[in-house]
$ cat query_16.tsv   # TSV, C-alpha atoms
chain	number	residue	atom	x	y	z
C	26	MET	CA	-31.45	64.56	152.23
C	27	THR	CA	-34.93	65.18	153.63
C	28	GLU	CA	-35.85	62.80	156.42
C	29	PRO	CA	-39.37	61.28	156.33
C	30	SER	CA	-40.18	62.63	159.79
C	31	THR	CA	-41.15	65.79	161.60
C	32	ARG	CA	-39.18	67.52	164.32
C	33	THR	CA	-41.29	65.70	166.89
C	34	GLY	CA	-39.87	62.40	165.70
C	35	ARG	CA	-43.21	61.17	164.36
C	36	PRO	CA	-43.37	59.77	160.81
C	37	ASP	CA	-44.68	62.13	158.15
C	38	SER	CA	-48.32	61.16	157.40
C	39	SER	CA	-47.86	61.12	153.61
C	40	TYR	CA	-44.77	58.92	153.93
C	41	SER	CA	-46.63	56.49	156.23
C	42	SER	CA	-49.63	56.36	153.90
C	43	SER	CA	-47.37	55.64	150.94
C	44	SER	CA	-45.59	52.86	152.86
C	45	VAL	CA	-48.90	51.23	153.84
C	46	GLU	CA	-50.09	51.43	150.24
C	47	ARG	CA	-46.91	49.78	148.93
C	48	MET	CA	-47.21	46.96	151.46
C	49	ALA	CA	-50.94	46.49	150.79
C	50	GLN	CA	-50.41	46.29	147.02
C	51	HIS	CA	-47.26	44.14	147.16
C	52	PRO	CA	-47.25	41.32	144.54
C	53	ASN	CA	-46.65	38.68	147.23
C	54	PHE	CA	-49.77	39.82	149.09
C	55	ALA	CA	-51.77	39.48	145.86
C	56	ARG	CA	-50.27	36.05	145.22
C	57	PHE	CA	-51.45	34.68	148.56
C	58	ALA	CA	-54.80	36.49	148.34
C	59	ARG	CA	-55.55	34.55	145.13
C	60	ALA	CA	-56.08	31.50	147.33
C	61	GLY	CA	-59.39	33.13	148.26
C	62	PHE	CA	-60.64	32.47	144.73
C	63	VAL	CA	-59.74	28.78	145.09
C	64	MET	CA	-61.57	28.42	148.40
C	65	SER	CA	-64.59	30.30	147.05
C	66	GLY	CA	-64.58	27.92	144.10
C	67	ILE	CA	-64.50	24.89	146.40
C	68	VAL	CA	-67.41	26.23	148.45
C	69	HIS	CA	-69.48	26.73	145.28
C	70	LEU	CA	-68.61	23.22	144.08
C	71	PHE	CA	-70.02	21.83	147.33
C	72	ILE	CA	-73.13	24.03	147.11
C	73	GLY	CA	-73.78	22.76	143.59
C	74	TYR	CA	-73.23	19.19	144.73
C	75	LEU	CA	-75.71	19.66	147.61
C	76	ALA	CA	-78.30	21.13	145.23
C	77	ILE	CA	-78.00	18.14	142.89
C	78	ARG	CA	-78.16	15.74	145.84
C	79	LEU	CA	-81.34	17.51	146.98
C	80	ALA	CA	-82.81	17.14	143.48
C	81	LEU	CA	-82.12	13.41	143.57
C	82	GLY	CA	-83.94	13.04	146.89
C	83	ASN	CA	-80.81	12.60	148.97
C	84	GLY	CA	-81.03	15.98	150.67
C	85	GLY	CA	-79.53	16.61	154.05
C	86	GLY	CA	-78.23	19.79	155.58
C	87	THR	CA	-78.48	23.11	153.78
C	88	ALA	CA	-77.54	23.95	150.18
C	89	ASP	CA	-75.64	27.15	150.94
C	90	GLN	CA	-72.19	28.22	152.13
C	91	SER	CA	-72.73	26.93	155.67
C	92	GLY	CA	-73.95	23.58	154.32
C	93	ALA	CA	-70.96	23.44	151.98
C	94	MET	CA	-68.54	24.07	154.84
C	95	ALA	CA	-70.30	21.53	157.04
C	96	GLU	CA	-69.93	19.00	154.21
C	97	LEU	CA	-66.25	19.89	153.85
C	98	ALA	CA	-65.70	19.60	157.61
C	99	ALA	CA	-67.03	16.03	157.50
C	100	LYS	CA	-64.46	14.95	154.89
C	101	PRO	CA	-61.02	13.56	155.80
C	102	GLY	CA	-58.72	16.55	156.22
C	103	GLY	CA	-61.72	18.87	156.10
C	104	GLY	CA	-60.77	20.64	159.32
C	105	VAL	CA	-57.34	21.54	157.96
C	106	ALA	CA	-58.92	22.71	154.69
C	107	LEU	CA	-61.29	24.96	156.64
C	108	TRP	CA	-58.43	26.57	158.57
C	109	ILE	CA	-56.67	27.18	155.26
C	110	GLY	CA	-59.96	28.67	154.07
C	111	VAL	CA	-60.07	31.05	157.05
C	112	VAL	CA	-56.65	32.41	156.08
C	113	ALA	CA	-57.41	32.50	152.33
C	114	PHE	CA	-60.76	34.25	152.76
C	115	THR	CA	-59.25	36.77	155.18
C	116	LEU	CA	-56.39	37.58	152.81
C	117	MET	CA	-58.82	38.09	149.93
C	118	ALA	CA	-61.02	40.30	152.11
C	119	LEU	CA	-58.01	42.40	153.11
C	120	TRP	CA	-56.91	42.66	149.47
C	121	ARG	CA	-60.36	43.91	148.42
C	122	LEU	CA	-60.26	46.33	151.34
C	123	THR	CA	-56.98	47.78	150.07
C	124	GLU	CA	-58.62	48.21	146.64
C	125	ALA	CA	-61.46	50.11	148.31
C	126	VAL	CA	-58.96	52.40	150.07
C	127	PHE	CA	-56.12	52.77	147.54
C	128	GLY	CA	-57.68	51.74	144.20
C	129	LYS	CA	-56.82	48.83	141.92
C	130	ALA	CA	-53.10	48.14	141.81
C	131	SER	CA	-53.15	46.65	138.29
C	132	GLU	CA	-54.96	49.65	136.75
C	133	PRO	CA	-54.39	52.64	139.04
C	134	GLN	CA	-55.15	55.28	136.40
C	135	ALA	CA	-57.45	53.35	134.05
C	136	ASP	CA	-60.82	54.60	135.22
C	137	SER	CA	-62.62	57.92	135.40
C	138	LYS	CA	-63.35	59.34	138.85
C	139	LYS	CA	-66.93	58.07	138.66
C	140	SER	CA	-66.05	54.51	137.64
C	141	GLU	CA	-63.18	54.49	140.12
C	142	ALA	CA	-65.63	55.38	142.91
C	143	VAL	CA	-67.98	52.61	141.79
C	144	HIS	CA	-65.09	50.13	141.72
C	145	ARG	CA	-64.05	51.08	145.26
C	146	ILE	CA	-67.60	50.62	146.56
C	147	LYS	CA	-67.81	47.20	144.88
C	148	ALA	CA	-64.42	46.25	146.34
C	149	ALA	CA	-65.62	47.20	149.82
C	150	ALA	CA	-68.78	45.12	149.36
C	151	VAL	CA	-66.77	42.10	148.19
C	152	ALA	CA	-64.45	42.53	151.19
C	153	VAL	CA	-67.47	42.26	153.50
C	154	ILE	CA	-68.58	39.07	151.71
C	155	TYR	CA	-65.15	37.46	152.06
C	156	PHE	CA	-64.92	38.45	155.73
C	157	GLY	CA	-68.29	36.72	156.13
C	158	PHE	CA	-66.91	33.60	154.43
C	159	ALA	CA	-63.90	33.72	156.77
C	160	LEU	CA	-66.13	33.92	159.85
C	161	THR	CA	-68.29	31.04	158.63
C	162	ALA	CA	-65.22	28.91	157.90
C	163	PHE	CA	-63.80	29.83	161.32
C	164	GLY	CA	-66.97	28.63	163.02
C	165	PHE	CA	-66.98	25.27	161.25
C	166	ALA	CA	-63.21	24.84	161.69
C	167	ARG	CA	-63.80	25.12	165.47
C	168	GLY	CA	-66.75	22.75	165.28
C	169	ARG	CA	-69.25	25.49	166.14
C	170	GLY	CA	-70.66	26.36	162.74
C	171	LYS	CA	-74.20	27.69	162.39
C	172	SER	CA	-76.72	27.40	159.58
C	173	SER	CA	-76.81	30.48	157.34
C	174	SER	CA	-80.46	29.70	156.62
C	175	GLY	CA	-81.37	29.73	160.32
C	176	GLU	CA	-79.49	32.96	160.97
C	177	SER	CA	-81.21	34.60	157.97
C	178	LYS	CA	-84.65	33.64	159.32
C	179	SER	CA	-83.79	34.89	162.80
C	180	LEU	CA	-82.51	38.25	161.53
C	181	THR	CA	-85.55	38.69	159.30
C	182	ALA	CA	-87.90	37.98	162.22
C	183	ARG	CA	-86.19	40.60	164.38
C	184	LEU	CA	-86.27	43.25	161.64
C	185	MET	CA	-89.95	42.59	160.92
C	186	GLU	CA	-90.84	43.60	164.46
C	187	ASN	CA	-90.90	47.30	163.52
C	188	THR	CA	-91.65	49.49	160.50
C	189	ALA	CA	-88.07	50.67	160.00
C	190	GLY	CA	-86.79	47.08	159.98
C	191	THR	CA	-89.47	46.04	157.50
C	192	ALA	CA	-88.54	48.92	155.18
C	193	LEU	CA	-84.87	47.92	155.49
C	194	LEU	CA	-85.74	44.35	154.49
C	195	ILE	CA	-87.60	45.52	151.39
C	196	ILE	CA	-84.69	47.77	150.39
C	197	GLY	CA	-82.24	44.97	151.11
C	198	GLY	CA	-84.25	42.49	149.04
C	199	ALA	CA	-84.36	44.94	146.13
C	200	VAL	CA	-80.59	45.49	146.36
C	201	ILE	CA	-79.97	41.73	146.38
C	202	ILE	CA	-82.16	41.34	143.28
C	203	GLY	CA	-80.17	44.15	141.67
C	204	VAL	CA	-76.89	42.41	142.48
C	205	GLY	CA	-78.25	39.19	140.97
C	206	GLY	CA	-79.35	41.06	137.86
C	207	TYR	CA	-75.88	42.57	137.52
C	208	HIS	CA	-74.32	39.09	137.68
C	209	VAL	CA	-76.65	37.90	134.91
C	210	TYR	CA	-75.81	41.00	132.84
C	211	LYS	CA	-72.08	40.55	133.46
C	212	GLY	CA	-72.26	36.93	132.33
C	213	ALA	CA	-74.51	37.50	129.30
C	214	THR	CA	-72.42	40.41	128.00
C	215	ARG	CA	-69.09	38.81	129.03
C	216	ARG	CA	-68.05	41.93	130.88
C	217	PHE	CA	-66.21	39.62	133.28
C	218	LEU	CA	-63.48	39.36	130.64
C	219	LYS	CA	-62.30	42.84	131.72
C	220	ASP	CA	-61.35	41.28	135.06
C	221	LEU	CA	-59.00	38.76	133.44
C	222	LYS	CA	-55.46	39.00	132.16
C	223	GLY	CA	-54.79	38.48	128.44
C	224	THR	CA	-57.24	36.69	126.18
C	225	PRO	CA	-58.77	33.70	127.99
C	226	SER	CA	-59.65	30.49	126.18
C	227	LYS	CA	-63.14	29.72	124.88
C	228	LEU	CA	-63.58	27.26	127.73
C	229	VAL	CA	-62.88	29.94	130.34
C	230	GLN	CA	-65.27	32.32	128.57
C	231	ARG	CA	-68.02	29.69	128.60
C	232	LEU	CA	-67.41	28.92	132.27
C	233	GLY	CA	-67.65	32.61	133.11
C	234	THR	CA	-70.80	33.18	131.07
C	235	ALA	CA	-72.69	30.18	132.46
C	236	GLY	CA	-71.34	30.67	135.98
C	237	TYR	CA	-72.23	34.34	136.29
C	238	ILE	CA	-75.73	33.81	134.90
C	239	ALA	CA	-76.40	30.87	137.27
C	240	LYS	CA	-74.98	32.76	140.25
C	241	GLY	CA	-77.02	35.85	139.35
C	242	LEU	CA	-80.27	33.91	139.13
C	243	ALA	CA	-79.58	32.31	142.51
C	244	ILE	CA	-78.80	35.67	144.14
C	245	GLY	CA	-81.92	37.22	142.59
C	246	ALA	CA	-84.05	34.39	143.98
C	247	VAL	CA	-82.68	35.05	147.48
C	248	GLY	CA	-83.69	38.71	147.22
C	249	ALA	CA	-87.15	37.78	145.94
C	250	LEU	CA	-87.65	35.48	148.95
C	251	VAL	CA	-86.76	38.33	151.33
C	252	ILE	CA	-89.45	40.53	149.80
C	253	LEU	CA	-91.89	37.59	149.79
C	254	ALA	CA	-91.21	37.03	153.50
C	255	VAL	CA	-92.08	40.66	154.23
C	256	SER	CA	-95.22	40.66	152.07
C	257	GLN	CA	-96.51	37.49	153.77
C	258	SER	CA	-95.21	38.41	157.25
C	259	ASP	CA	-93.44	35.05	157.30
C	260	PRO	CA	-89.73	35.26	158.23
C	261	ASP	CA	-89.31	31.55	157.44
C	262	LYS	CA	-89.55	32.45	153.75
C	263	ALA	CA	-86.27	34.39	154.00
C	264	SER	CA	-84.08	31.32	154.23
C	265	GLY	CA	-81.24	32.43	151.99
C	266	LEU	CA	-79.76	30.41	149.15
C	267	ASP	CA	-80.89	27.12	150.68
C	268	GLY	CA	-84.50	28.33	150.71
C	269	ALA	CA	-84.23	29.64	147.15
C	270	LEU	CA	-82.96	26.29	145.87
C	271	LYS	CA	-85.58	24.31	147.81
C	272	THR	CA	-88.32	26.62	146.51
C	273	LEU	CA	-87.03	25.97	143.00
C	274	GLY	CA	-87.12	22.23	143.65
C	275	ALA	CA	-90.77	22.46	144.71
C	276	GLN	CA	-91.84	23.82	141.30
C	277	PRO	CA	-93.08	21.69	138.34
C	278	TYR	CA	-90.04	19.89	136.91
C	279	GLY	CA	-88.30	21.05	140.08
C	280	ALA	CA	-85.77	18.22	140.12
C	281	THR	CA	-84.62	19.10	136.60
C	282	LEU	CA	-84.43	22.81	137.46
C	283	LEU	CA	-82.53	22.05	140.64
C	284	VAL	CA	-79.98	19.91	138.81
C	285	ALA	CA	-79.53	22.72	136.26
C	286	ALA	CA	-79.05	25.24	139.09
C	287	GLY	CA	-76.57	22.93	140.81
C	288	LEU	CA	-74.56	22.50	137.62
C	289	GLY	CA	-74.60	26.26	137.09
C	290	ILE	CA	-73.27	26.90	140.60
C	291	ILE	CA	-70.59	24.24	140.05
C	292	THR	CA	-69.63	26.05	136.84
C	293	TYR	CA	-69.29	29.29	138.80
C	294	GLY	CA	-67.08	27.44	141.27
C	295	LEU	CA	-64.82	26.20	138.48
C	296	TYR	CA	-64.62	29.73	137.10
C	297	ASN	CA	-63.55	31.02	140.53
C	298	ILE	CA	-60.71	28.49	140.57
C	299	VAL	CA	-59.65	29.73	137.12
C	300	MET	CA	-59.77	33.30	138.50
C	301	ALA	CA	-57.03	32.38	140.95
C	302	ARG	CA	-54.62	32.35	137.99
C	303	LEU	CA	-56.14	34.81	135.55
C	304	ALA	CA	-57.71	37.61	137.62
C	305	LYS	CA	-56.20	41.08	137.46
C	306	MET	CA	-55.17	42.17	140.95

$ encode --input "query_16.tsv" --output "structure tokens"
Amino acid sequence: MTEPSTRTGRPDSSYSSSSVERMAQHPNFARFARAGFVMSGIVHLFIGYLAIRLALGNGGGTADQSGAMAELAAKPGGGVALWIGVVAFTLMALWRLTEAVFGKASEPQADSKKSEAVHRIKAAAVAVIYFGFALTAFGFARGRGKSSSGESKSLTARLMENTAGTALLIIGGAVIIGVGGYHVYKGATRRFLKDLKGTPSKLVQRLGTAGYIAKGLAIGAVGALVILAVSQSDPDKASGLDGALKTLGAQPYGATLLVAAGLGIITYGLYNIVMARLAKM
């Protein structure tokens, strides 16, 4: 029998890689990583709630992920929930990272090389987002959370100090708008159904359609504000999701639009919770 080692006693690299891949794509790892969908859903439920509260004139804090986590931290048992969130977000980030490295466990041979490369890039991007959620939750769990809106303004101000940073902001804003547009497209065409197991119910399909469109419009608005901040040399304009929602609320019929946006984000949150059970992983 051939031993999985060299004469130096070190493990064979292909054997080690295969072992890491099997551990990374183990069903139990996927089962725990699904908790990330639940926590993401809860965060979006709070963001939607904060947007509606802002529309009703009861605004306080920021209507974004940091505001949502601050709101959660203030609830009974919120600290424990945030620590659970740190673990759940980290597991989901690690799972997406394994997809970026090894490919999708549920459909390892389903895609062409081009679409497989695109999927791996998207998985890596989602991993970064979930690591960001984990860091934000960690900060609020320790009682040292910071406003995402404030950090966005500060970063924008630093980048606007030179030409290269300004160009990076414009490119970044355009990319964010593109991501938002893709969410709208994914919701309108129901391409999200490819991410789900079996044939989901009509209710799930409606949640996905409305949720992706609402989320996409919100993301697109954030990107537009980044470009607006650069064009007006005003870093305060780049205030993230909170700024996008407050800008929406300042428009004619702003309260109605803000309630609609809040309900849409809540819908996306509910869809994320459904994803915990139905998503292919």

$ atom_distance --input "query_16.tsv" --atom1 "CA of Ser140 in chain C" --atom2 "CA of Val153 in chain C"
20.1 Å

$ residues_around --input "query_16.tsv" --residues "range 227-230 of chain C" --least-positions-apart "3" --cutoff "10 Å" --atoms "all atoms listed in the file" --output "PDB file with C-alpha atoms, in the frame of the given file"
ATOM      1  CA  GLY C 212     -72.260  36.930 132.330  1.00  0.00           C
ATOM      2  CA  ARG C 215     -69.090  38.810 129.030  1.00  0.00           C
ATOM      3  CA  PHE C 217     -66.210  39.620 133.280  1.00  0.00           C
ATOM      4  CA  LEU C 218     -63.480  39.360 130.640  1.00  0.00           C
ATOM      5  CA  THR C 224     -57.240  36.690 126.180  1.00  0.00           C
ATOM      6  CA  GLY C 233     -67.650  32.610 133.110  1.00  0.00           C
ATOM      7  CA  THR C 234     -70.800  33.180 131.070  1.00  0.00           C
ATOM      8  CA  ALA C 235     -72.690  30.180 132.460  1.00  0.00           C
ATOM      9  CA  GLY C 236     -71.340  30.670 135.980  1.00  0.00           C
ATOM     10  CA  LEU C 295     -64.820  26.200 138.480  1.00  0.00           C
ATOM     11  CA  TYR C 296     -64.620  29.730 137.100  1.00  0.00           C
ATOM     12  CA  VAL C 299     -59.650  29.730 137.120  1.00  0.00           C
ATOM     13  CA  MET C 300     -59.770  33.300 138.500  1.00  0.00           C
ATOM     14  CA  LEU C 303     -56.140  34.810 135.550  1.00  0.00           C
TER      15      LEU C 303
END

$ residues_around --input "query_16.tsv" --residues "range 189-206 of chain C" --least-positions-apart "2" --cutoff "7 Å" --atoms "all atoms listed in the file" --output "list of chain:residue names"
C:Leu184, C:Met185, C:Glu186, C:Asn187, C:His208, C:Val209, C:Tyr210, C:Gly241, C:Leu242, C:Ile244, C:Gly245, C:Gly248, C:Ala249, C:Val251, C:Ile252, C:Val255

$ residues_around --input "query_16.tsv" --residues "Ala162 in chain C" --least-positions-apart "6" --cutoff "12 Å" --atoms "all atoms listed in the file" --output "MDAnalysis selection string"
chainID C and resid 64:65 68 90:98 103:115 155:156 168:173

$ closest_residue --input "query_16.tsv" --among "C:Arg59, C:Lys240, C:Gly73, C:Gly289" --to "Tyr207 in chain C" --atoms "all atoms listed in the file"
C:Lys240

$ residues_around --input "query_16.tsv" --residues "Val247 in chain C" --least-positions-apart "5" --cutoff "6 Å" --atoms "all atoms listed in the file" --output "ChimeraX atom specification"
/C:265-266,269

$ atom_distance --input "query_16.tsv" --atom1 "CA of Ala213 in chain C" --atom2 "CA of Ile67 in chain C"
23.5 Å

$ atom_distance --input "query_16.tsv" --atom1 "CA of Arg56 in chain C" --atom2 "CA of Leu116 in chain C"
9.9 Å

$ closest_residue --input "query_16.tsv" --among "C:Ser256, C:Arg145, C:Glu176, C:Gly61" --to "Ala159 in chain C" --atoms "only C-alpha atoms"
C:Gly61

$ residues_around --input "query_16.tsv" --residues "Gly66 in chain C" --least-positions-apart "2" --cutoff "7 Å" --atoms "only C-alpha atoms" --output "PyMOL selection string"
chain C and resi 62-64+68-70+294-295+297-298

$ write_last_selection --input "query_16.tsv" --atoms "C-alpha atoms" --output "PDB file, in the coordinates of the input"
ATOM      1  CA  PHE C  62     -60.640  32.470 144.730  1.00  0.00           C
ATOM      2  CA  VAL C  63     -59.740  28.780 145.090  1.00  0.00           C
ATOM      3  CA  MET C  64     -61.570  28.420 148.400  1.00  0.00           C
ATOM      4  CA  VAL C  68     -67.410  26.230 148.450  1.00  0.00           C
ATOM      5  CA  HIS C  69     -69.480  26.730 145.280  1.00  0.00           C
ATOM      6  CA  LEU C  70     -68.610  23.220 144.080  1.00  0.00           C
ATOM      7  CA  GLY C 294     -67.080  27.440 141.270  1.00  0.00           C
ATOM      8  CA  LEU C 295     -64.820  26.200 138.480  1.00  0.00           C
ATOM      9  CA  ASN C 297     -63.550  31.020 140.530  1.00  0.00           C
ATOM     10  CA  ILE C 298     -60.710  28.490 140.570  1.00  0.00           C
TER      11      ILE C 298
END

$ closest_residue --input "query_16.tsv" --among "C:Ala80, C:Ala182, C:Ile72, C:Ala58" --to "Asp261 in chain C" --atoms "only C-alpha atoms"
C:Ala182

$ closest_residue --input "query_16.tsv" --among "C:Ala55, C:Ile291, C:Val143, C:Leu250" --to "Ser264 in chain C" --atoms "only C-alpha atoms"
C:Leu250

$ closest_residue --input "query_16.tsv" --among "C:Val126, C:Ile154, C:Ala76, C:Ala149" --to "Leu282 in chain C" --atoms "only C-alpha atoms"
C:Ala76

$ closest_residue --input "query_16.tsv" --among "C:Phe127, C:Trp120, C:Gly223, C:Leu75" --to "Asn53 in chain C" --atoms "all atoms listed in the file"
C:Trp120

$ decode --input "query_16.tsv" --residues "range 99-109 of chain C" --atoms "all heavy atoms" --output "short mmCIF file (atom, residue, chain, number, x, y, z; two decimals), in the first residue's frame"
data_model
loop_
_atom_site.label_atom_id
_atom_site.label_comp_id
_atom_site.auth_asym_id
_atom_site.auth_seq_id
_atom_site.Cartn_x
_atom_site.Cartn_y
_atom_site.Cartn_z
N ALA C 99 -28.95 46.43 22.37
CA ALA C 99 -29.74 47.08 23.43
C ALA C 99 -30.89 46.22 23.91
O ALA C 99 -31.52 46.53 24.93
CB ALA C 99 -30.28 48.42 22.92
N LYS C 100 -31.20 45.14 23.19
CA LYS C 100 -32.31 44.26 23.58
C LYS C 100 -31.86 43.26 24.63
O LYS C 100 -30.68 42.92 24.71
CB LYS C 100 -32.85 43.51 22.35
CG LYS C 100 -33.28 44.40 21.19
CD LYS C 100 -34.47 45.26 21.56
CE LYS C 100 -34.91 46.11 20.37
NZ LYS C 100 -36.00 47.05 20.75
N PRO C 101 -32.79 42.75 25.45
CA PRO C 101 -32.44 41.70 26.41
C PRO C 101 -31.85 40.49 25.67
O PRO C 101 -32.42 40.01 24.70
CB PRO C 101 -33.79 41.34 27.05
CG PRO C 101 -34.61 42.58 26.89
CD PRO C 101 -34.20 43.17 25.57
N GLY C 102 -30.71 40.03 26.11
CA GLY C 102 -30.05 38.91 25.46
C GLY C 102 -29.33 39.29 24.18
O GLY C 102 -28.78 38.42 23.49
N GLY C 103 -29.31 40.58 23.86
CA GLY C 103 -28.69 41.03 22.62
C GLY C 103 -27.21 40.74 22.55
O GLY C 103 -26.68 40.42 21.49
N GLY C 104 -26.51 40.87 23.68
CA GLY C 104 -25.08 40.60 23.71
C GLY C 104 -24.78 39.16 23.34
O GLY C 104 -23.86 38.88 22.55
N VAL C 105 -25.56 38.23 23.89
CA VAL C 105 -25.38 36.81 23.57
C VAL C 105 -25.65 36.57 22.08
O VAL C 105 -24.91 35.85 21.40
CB VAL C 105 -26.32 35.93 24.42
CG1 VAL C 105 -26.23 34.48 23.98
CG2 VAL C 105 -25.97 36.07 25.90
N ALA C 106 -26.73 37.20 21.58
CA ALA C 106 -27.08 37.05 20.17
C ALA C 106 -25.95 37.56 19.27
O ALA C 106 -25.66 36.96 18.22
CB ALA C 106 -28.37 37.81 19.86
N LEU C 107 -25.30 38.64 19.68
CA LEU C 107 -24.21 39.19 18.88
C LEU C 107 -23.00 38.25 18.86
O LEU C 107 -22.36 38.08 17.82
CB LEU C 107 -23.80 40.56 19.40
CG LEU C 107 -24.74 41.71 19.02
CD1 LEU C 107 -24.39 42.97 19.80
CD2 LEU C 107 -24.67 41.99 17.51
N TRP C 108 -22.70 37.63 20.00
CA TRP C 108 -21.59 36.67 20.02
C TRP C 108 -21.92 35.47 19.14
O TRP C 108 -21.03 34.94 18.44
CB TRP C 108 -21.28 36.22 21.45
CG TRP C 108 -20.51 37.22 22.24
CD1 TRP C 108 -20.92 37.93 23.33
CD2 TRP C 108 -19.16 37.64 21.99
NE1 TRP C 108 -19.94 38.77 23.78
CE2 TRP C 108 -18.83 38.62 22.97
CE3 TRP C 108 -18.20 37.30 21.04
CZ2 TRP C 108 -17.58 39.24 23.02
CZ3 TRP C 108 -16.96 37.91 21.09
CH2 TRP C 108 -16.66 38.87 22.06
N ILE C 109 -23.17 35.03 19.16
CA ILE C 109 -23.59 33.96 18.26
C ILE C 109 -23.42 34.42 16.81
O ILE C 109 -22.97 33.67 15.94
CB ILE C 109 -25.05 33.56 18.52
CG1 ILE C 109 -25.18 32.90 19.90
CG2 ILE C 109 -25.57 32.61 17.43
CD1 ILE C 109 -26.61 32.64 20.33
#
